[in-house]
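Student: Before anything else, here's the structure in question.
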Amino acid sequence: MLFPTTVFALFFAVVFALHWSLVPFPRLRKVVLLAASLFFYGYWSWKFALMLFASAVLNHAAACWIDRTAEPRARRRGVALAVTGNLLVLGIFKYTGFFFTKLLVPLAVPICARFGTTEQLIALQEHVLPVIEKIVLPVGISFYTFQALSYVVDVYWRKTPVAASTLDFANYLAFFPQLVAGPIVRAADLLPQMVRFPDYSARLDTGRAATLILGGLFKKMVIANWLAEHLADPVFAMPETYGAADLILGVYGYALQIYCDFSAYSDIAIGCALLLGFEFPINFNAPYFSVTLQEFWRRWHISLSSWLRDYLYIPLGGSRVSPVRTRINLLLTFLLGGLWHGADWTFVLWGAFHGVYLSLERVVRRLFGLPERPSENPGPIWGLLGRVWIFHVVCFSWILFRATSLSAAGEILRGLGRWEVGSRLLSVQAVLVLVVGFSLQWLDGTRPRPLWDRVNRWPAWVQGAAAAVILTVILGIGPSGVAPFIYFQF
Amino acid sequence: MSGQSESVQPVANGMAVGKACFCVAIFFSLLLLCNGVAMYRSAGHLEYGPIRDFWMAVLRPVERVSRASGLSHVREWTQATVGEWLNQPE
C-alpha cells in the first residue's frame with residue numbers, strides 16, 4: 001500500500017477511528033493495530049505478511065530465551081543463532097541472485113575454462129537461474145530485519161528489557177507507518193510506547209503531524225516525481241545521448257529526487273505515527289547543508305547510520321583502535337552499508353567511496369589538527385565552500401548509486417567531459433523545481449517548530465479544512481499517476 | 001561516524017484527542033468533496049467489472065455534491081494553471 005493513494009487514505013481513516021475509539025479496550029486495541037499493520041503489508045502479499053509475523057514471534061522467543069539464560073556462553077550462542085537466522089533470511093531473499101550471478105559465476109568462468117568444465121557451469125546456470133528468478137524480495141525486509149536485530153542484540157547487551165508480550169513486540173516490528181521504508185526505530189524508543197498505548201490524556205501535535213504529512217506529500221508527489229520524470233530518469237536511462245550540462249542537471253535532479261522521495265516517506269511515517277499518538281526520532285536533518293561527509297551521515301538516514309555505528313562500527317572497535325584499524329572498520333561498515341541498499345556492485349562501490357572519503361577526512365583532520373566534529377559555524381566563506389564541495393561529493397556518489405551497472409556509471413562519468421552548446425533539459429520549471437526541492441530542507445528537524453506551534457493554536461476545524469485544501473492543491477499540481485518510493489526496493 | 005538520532009520533545013499545546021478526531025473528520029470530508037469529481041473520473045478509468053461498478057456507484061453522489069458545491073474548482077483550477085504549466089511535455 002502506497003502512502004499517496006486513495007486506498008491508504010481510506011485505510012488510515014479507518015485505523016485512526018478504531019485506534020482512538022478502542023481506548024477503553026487496551027488489549028483489543030493492540031490486536032487491532034497489529035491486524036491493521038499486517039493488512040497494510042499483506043495488501044501487497046499475504047505470504048510475506050505471515051513471514052513478518054513469524055519473524056516477530058521467533059525474534060521475541062529468541063530474546064526471551066536470551067533474557068532468561070544466565071550462562072554467558074549460552075547467551076552468546078543464542079544471540080549468534082538469532083543474528084545468523086535473521087541475516088540468513090535477508091541473504092536468501094536479497095543476495096542469492098547477486099551471490100550467484102555477480103560473484104560466483106564470474107569467479108568460476110576462468111577456473112572452469114582452465115579445467116575444461118565450462119559446459120557443466122552452463123548446465124548449472126541453466127538449473128539455478130530459473131530458481132533464483134522466482135525469488136521475490138519482500139518489501140521492507142531490510143528495514144524490519146535491522147529492527148529485529150537491534151532488539152535481540154539490545155536484550156543480549158541488557159540495554160533493553162525484553163518485551164512484555166509477543167503482541168507488543170509484533171506491534172513494534174510491524175507498525176505500519178515505518179514498516180516498509182523506515183525510519184529504523186529502535187526497540188528502546190518504540191517498544192515502551194507499544195506497551196503503554198497513548199490514551200485520551202495524550203495531546204496530539206497536529207500542527208507538526210500536518211506539516212510533516214503535507215510537506216512529505218508535496219516532496220514526493222510534486223518534486224520527487226517531477227525530477228524523476230523530467231531530469232533523472234531520462235539521463236540515467238540513456239546517458240550517451242546527453243551532453244555534460246544535461247548530465248549534471250540529471251545528477252542534481254537525482255540528488256534532490258532521492259532526498260525528497262526518501263525524506264518524504266520518513267516525514268509521512270512520522271506524521272501518521274504522531275496522529276496515532278506515537279513518536280519516532282528524526283530521520284533527516286537538512287543533509288545537503290553539511291560541511292563534511294561525516295556531518296552528512298549525521299543528517300542523512302540518521303536511523304540507518306546510527307544503527308550501523310552502534311551494531312557494526314563500534315563492536316568492530318570503532319575509533320578506539322589504531323588509526324589503520326579505524327579506517328578498516330569505517331570501510332567495512334560502509335561496504336556493508338552499501339550492500340544493505342542493494343545487491344549490486346554499484347552499491348558496494350558507493351559504500352566503498354563513502355568509507356574511503358570518510359577515512360581521508362579523518363587523515364586530513366589529524367594532519368591539520370582540526371577538531372573531531374566540525375564547527376557548527378565554520379564562517380560564511382568556509383561554510384559555503386564546504387557545503388558546495390560536499391554536495392558535489394555526494395552527487396558524485398549518487399552516480400554510482402543510481403546507475404544500473406558499473407558500465408552505465410562509467411558512461412555518465414565519461415559524458416561529463418562531453419560539452420555541447422545548449423541544453424535539452426534546462427527550463428524555467430527545472431530550475432524552479434530544483435531550487436524548491438533544495439529549499440525544502442529548511443523544513444527538516446525542529447526548524448519549523450514556530451510554524452507547528454502556530455498551527456496548533458488554530459481551531460480544530462480550521463486545521464482540518466486547511467489541510468484538505470492544501471492537499472487538494474498538491475494533487476492538482478503533481479503529475480498524474482503514483483510512482484513507488486525509491487527506498488521500497490531496499 | 002554519526003551522532004545520536006534526534007527526538008522532538010512532545011508539545012504542551014497539542015490538541016486533545018477528541019478535537020483531533022474532529023479535525024481529521026473535517027479533513028477527510030472536505031478532501032472528499034474537493035476531489036469528488038477527480039476521483040469519479042479516475043474510477044471511470046478502472047477495468048470494467050464489479051470493482052469499477054462499486055466505485056462508480058459510491059463516488060457518483062460524492063461527485064454530484066462536489067460539483068454542486070463548487071469545491072471541485074479548487075483542484076480543477078490548480079490543475080489547469082500551475083499543474084499544466086509544470087507538467088507540460090518537453
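Each chain in the C-alpha cells gets a letter, A, B and so on, in the order shown; residues start at 1 in every chain, and ligands are counted from 1 in the order they appear.
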Applying 10 Å and only C-alpha atoms, which residues near stretch 29-33 of chain B remain after dropping the ones on its own chain fewer than 2 positions away? List them as a count of residues only.
Tutor: 30
Student: If the cut-off is 7 Å, can you tell me the residues of chain A near chain B, counting only C-alpha atoms? I'd like them as a count of residues only.
Tutor: 31
Student: Would you list the contacts of A:Asn86 as an mmCIF file with N, CA, C and O atoms, in the first residue's frame, taking every protein, DNA or RNA residue within 12 Å and counting only C-alpha atoms, but skipping same-chain residues closer than 6 positions in sequence?
Tutor:
data_model
loop_
_atom_site.group_PDB
_atom_site.id
_atom_site.type_symbol
_atom_site.label_atom_id
_atom_site.label_comp_id
_atom_site.auth_asym_id
_atom_site.auth_seq_id
_atom_site.Cartn_x
_atom_site.Cartn_y
_atom_site.Cartn_z
ATOM 1 N N MET A 51 5.168 -14.095 6.924
ATOM 2 C CA MET A 51 6.608 -14.190 7.207
ATOM 3 C C MET A 51 7.032 -13.125 8.222
ATOM 4 O O MET A 51 7.824 -13.393 9.136
ATOM 5 N N LEU A 52 6.477 -11.934 8.067
ATOM 6 C CA LEU A 52 6.763 -10.850 9.013
ATOM 7 C C LEU A 52 6.284 -11.235 10.421
ATOM 8 O O LEU A 52 7.010 -11.032 11.410
ATOM 9 N N ALA A 54 5.854 -14.266 11.541
ATOM 10 C CA ALA A 54 6.730 -15.349 12.015
ATOM 11 C C ALA A 54 8.041 -14.773 12.535
ATOM 12 O O ALA A 54 8.574 -15.221 13.568
ATOM 13 N N SER A 55 8.569 -13.753 11.835
ATOM 14 C CA SER A 55 9.815 -13.109 12.262
ATOM 15 C C SER A 55 9.631 -12.495 13.655
ATOM 16 O O SER A 55 10.516 -12.603 14.519
ATOM 17 N N ALA A 56 8.460 -11.862 13.866
ATOM 18 C CA ALA A 56 8.184 -11.247 15.172
ATOM 19 C C ALA A 56 8.143 -12.313 16.270
ATOM 20 O O ALA A 56 8.754 -12.151 17.330
ATOM 21 N N LEU A 58 9.424 -15.414 16.296
ATOM 22 C CA LEU A 58 10.710 -16.088 16.515
ATOM 23 C C LEU A 58 11.728 -15.177 17.201
ATOM 24 O O LEU A 58 12.445 -15.599 18.110
ATOM 25 N N ASN A 59 11.782 -13.911 16.768
ATOM 26 C CA ASN A 59 12.746 -12.994 17.380
ATOM 27 C C ASN A 59 12.396 -12.715 18.838
ATOM 28 O O ASN A 59 13.288 -12.615 19.681
ATOM 29 N N ALA A 62 13.422 -15.749 20.788
ATOM 30 C CA ALA A 62 14.882 -15.757 20.972
ATOM 31 C C ALA A 62 15.296 -14.765 22.062
ATOM 32 O O ALA A 62 16.120 -15.078 22.929
ATOM 33 N N VAL A 79 22.350 -15.450 20.960
ATOM 34 C CA VAL A 79 22.305 -14.222 20.148
ATOM 35 C C VAL A 79 22.928 -14.465 18.769
ATOM 36 O O VAL A 79 22.434 -13.954 17.752
ATOM 37 N N ALA A 80 23.986 -15.289 18.738
ATOM 38 C CA ALA A 80 24.623 -15.604 17.447
ATOM 39 C C ALA A 80 23.637 -16.329 16.536
ATOM 40 O O ALA A 80 23.549 -16.050 15.334
ATOM 41 N N ILE A 92 19.007 -14.817 1.781
ATOM 42 C CA ILE A 92 18.344 -15.661 0.778
ATOM 43 C C ILE A 92 17.493 -14.805 -0.156
ATOM 44 O O ILE A 92 17.557 -14.927 -1.373
ATOM 45 N N PHE A 93 16.690 -13.919 0.424
ATOM 46 C CA PHE A 93 15.781 -13.126 -0.398
ATOM 47 C C PHE A 93 16.504 -12.027 -1.181
ATOM 48 O O PHE A 93 16.134 -11.718 -2.290
ATOM 49 N N ILE A 141 12.073 -5.687 3.825
ATOM 50 C CA ILE A 141 12.691 -6.752 4.651
ATOM 51 C C ILE A 141 13.977 -6.248 5.324
ATOM 52 O O ILE A 141 14.259 -6.599 6.467
ATOM 53 N N SER A 142 14.734 -5.390 4.613
ATOM 54 C CA SER A 142 15.982 -4.876 5.195
ATOM 55 C C SER A 142 15.687 -4.024 6.419
ATOM 56 O O SER A 142 16.444 -4.032 7.393
ATOM 57 N N PHE A 143 14.581 -3.290 6.376
ATOM 58 C CA PHE A 143 14.235 -2.399 7.492
ATOM 59 C C PHE A 143 13.800 -3.199 8.712
ATOM 60 O O PHE A 143 14.312 -2.990 9.808
ATOM 61 N N TYR A 144 12.836 -4.129 8.503
ATOM 62 C CA TYR A 144 12.355 -4.812 9.714
ATOM 63 C C TYR A 144 13.355 -5.839 10.231
ATOM 64 O O TYR A 144 13.377 -6.137 11.433
ATOM 65 N N THR A 145 14.230 -6.365 9.356
ATOM 66 C CA THR A 145 15.270 -7.271 9.841
ATOM 67 C C THR A 145 16.232 -6.510 10.759
ATOM 68 O O THR A 145 16.620 -7.012 11.818
ATOM 69 N N PHE A 146 16.591 -5.286 10.371
ATOM 70 C CA PHE A 146 17.501 -4.487 11.200
ATOM 71 C C PHE A 146 16.845 -4.128 12.534
ATOM 72 O O PHE A 146 17.512 -4.064 13.560
ATOM 73 N N GLN A 147 15.528 -3.886 12.494
ATOM 74 C CA GLN A 147 14.837 -3.573 13.763
ATOM 75 C C GLN A 147 14.852 -4.798 14.674
ATOM 76 O O GLN A 147 15.101 -4.683 15.870
ATOM 77 N N ALA A 148 14.577 -5.970 14.090
ATOM 78 C CA ALA A 148 14.567 -7.205 14.887
ATOM 79 C C ALA A 148 15.955 -7.476 15.450
ATOM 80 O O ALA A 148 16.108 -7.832 16.627
ATOM 81 N N LEU A 149 16.995 -7.265 14.623
ATOM 82 C CA LEU A 149 18.374 -7.498 15.078
ATOM 83 C C LEU A 149 18.715 -6.579 16.247
ATOM 84 O O LEU A 149 19.310 -7.022 17.240
ATOM 85 N N SER A 150 18.344 -5.314 16.124
ATOM 86 C CA SER A 150 18.691 -4.360 17.194
ATOM 87 C C SER A 150 18.012 -4.769 18.502
ATOM 88 O O SER A 150 18.601 -4.646 19.575
ATOM 89 N N TYR A 151 16.784 -5.296 18.403
ATOM 90 C CA TYR A 151 16.058 -5.713 19.615
ATOM 91 C C TYR A 151 16.764 -6.890 20.291
ATOM 92 O O TYR A 151 17.053 -6.851 21.497
ATOM 93 N N VAL A 152 17.075 -7.928 19.488
ATOM 94 C CA VAL A 152 17.711 -9.129 20.056
ATOM 95 C C VAL A 152 19.074 -8.774 20.668
ATOM 96 O O VAL A 152 19.391 -9.195 21.787
ATOM 97 N N VAL A 153 19.853 -7.960 19.941
ATOM 98 C CA VAL A 153 21.186 -7.600 20.427
ATOM 99 C C VAL A 153 21.088 -6.710 21.676
ATOM 100 O O VAL A 153 21.845 -6.883 22.631
#
Student: Point out the residue among A:Ala245, A:Pro371, A:Arg327, A:Gly277 with the least atom-to-atom distance to A:Val421, counting only C-alpha atoms.
Tutor: A:Ala245
Student: Calculate how many Å separate atom CA of A:Arg325 from atom CA of A:Gly355, rounding to one decimal.
Tutor: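 Between atom CA of A:Arg325 and atom CA of A:Gly355 the gap is 12.8 Å.
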Student: When distances are computed from only C-alpha atoms, which of A:Gly253, A:Pro177, A:Pro4, A:Gly271 shows the smallest separation from A:Gly207?
Tutor: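 Ranking A:Gly253, A:Pro177, A:Pro4, A:Gly271 by distance to A:Gly207, first place goes to A:Gly271.
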Student: If I take atom CA of A:Ser266 and atom CA of A:Gly182, how far is one from the other in Å, to one decimal?
Tutor: 6.5 Å
Student: Please indicate the distance in Å from atom CA of A:Ile474 to atom CA of A:Gln257, rounded to one decimal place.
Tutor: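 For atom CA of A:Ile474 relative to atom CA of A:Gln257, the distance reads 16.9 Å.
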Student: Which neighbours of stretch 383-394 of chain A fall inside 12 Å, counting only C-alpha atoms, when residues of the same chain fewer than 4 positions from it are skipped, and could you give them as an NGL selection string?
Tutor: :A and (248 or 251-252 or 254-256 or 258-259 or 286-297 or 300 or 350-351 or 353-354 or 357-358 or 361 or 374-379 or 398-401 or 438)
Student: Write a file of the just-selected residues containing C-alpha atoms, as an mmCIF file, in the first residue's frame.
Tutor:
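again.cif written:
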data_model
loop_
_atom_site.group_PDB
_atom_site.id
_atom_site.type_symbol
_atom_site.label_atom_id
_atom_site.label_comp_id
_atom_site.auth_asym_id
_atom_site.auth_seq_id
_atom_site.Cartn_x
_atom_site.Cartn_y
_atom_site.Cartn_z
ATOM 1 C CA ILE A 248 24.965 17.434 -14.464
ATOM 2 C CA VAL A 251 22.648 14.121 -11.386
ATOM 3 C CA TYR A 252 21.490 17.232 -9.447
ATOM 4 C CA TYR A 254 18.600 12.635 -8.805
ATOM 5 C CA ALA A 255 20.338 14.028 -5.696
ATOM 6 C CA LEU A 256 17.249 16.073 -4.877
ATOM 7 C CA ILE A 258 16.248 10.772 -3.668
ATOM 8 C CA TYR A 259 16.256 13.302 -0.810
ATOM 9 C CA ALA A 286 18.987 19.007 6.050
ATOM 10 C CA PRO A 287 21.709 16.640 4.748
ATOM 11 C CA TYR A 288 22.821 18.868 1.853
ATOM 12 C CA PHE A 289 23.717 21.648 4.316
ATOM 13 C CA SER A 290 26.636 19.502 5.558
ATOM 14 C CA VAL A 291 30.165 20.901 5.555
ATOM 15 C CA THR A 292 31.866 17.488 5.807
ATOM 16 C CA LEU A 293 30.872 13.974 4.737
ATOM 17 C CA GLN A 294 30.928 12.915 8.389
ATOM 18 C CA GLU A 295 28.309 15.587 9.061
ATOM 19 C CA PHE A 296 26.325 14.408 6.035
ATOM 20 C CA TRP A 297 25.999 10.954 7.622
ATOM 21 C CA TRP A 300 21.088 11.589 6.144
ATOM 22 C CA TRP A 350 29.070 3.553 -3.476
ATOM 23 C CA GLY A 351 29.678 2.309 0.076
ATOM 24 C CA PHE A 353 33.560 5.535 -1.891
ATOM 25 C CA HIS A 354 31.932 6.888 1.279
ATOM 26 C CA TYR A 357 36.331 9.501 1.706
ATOM 27 C CA LEU A 358 35.470 9.441 5.419
ATOM 28 C CA GLU A 361 38.590 13.253 6.075
ATOM 29 C CA PRO A 374 33.241 20.143 12.530
ATOM 30 C CA SER A 375 32.263 23.512 13.931
ATOM 31 C CA GLU A 376 28.559 24.428 13.854
ATOM 32 C CA ASN A 377 29.515 27.848 12.457
ATOM 33 C CA PRO A 378 32.579 27.499 10.222
ATOM 34 C CA GLY A 379 32.171 31.093 8.952
ATOM 35 C CA TRP A 398 24.795 9.171 -6.366
ATOM 36 C CA ILE A 399 26.011 8.390 -9.908
ATOM 37 C CA LEU A 400 27.276 5.035 -8.613
ATOM 38 C CA PHE A 401 24.120 4.549 -6.571
ATOM 39 C CA PHE A 438 16.748 22.046 -2.164
#
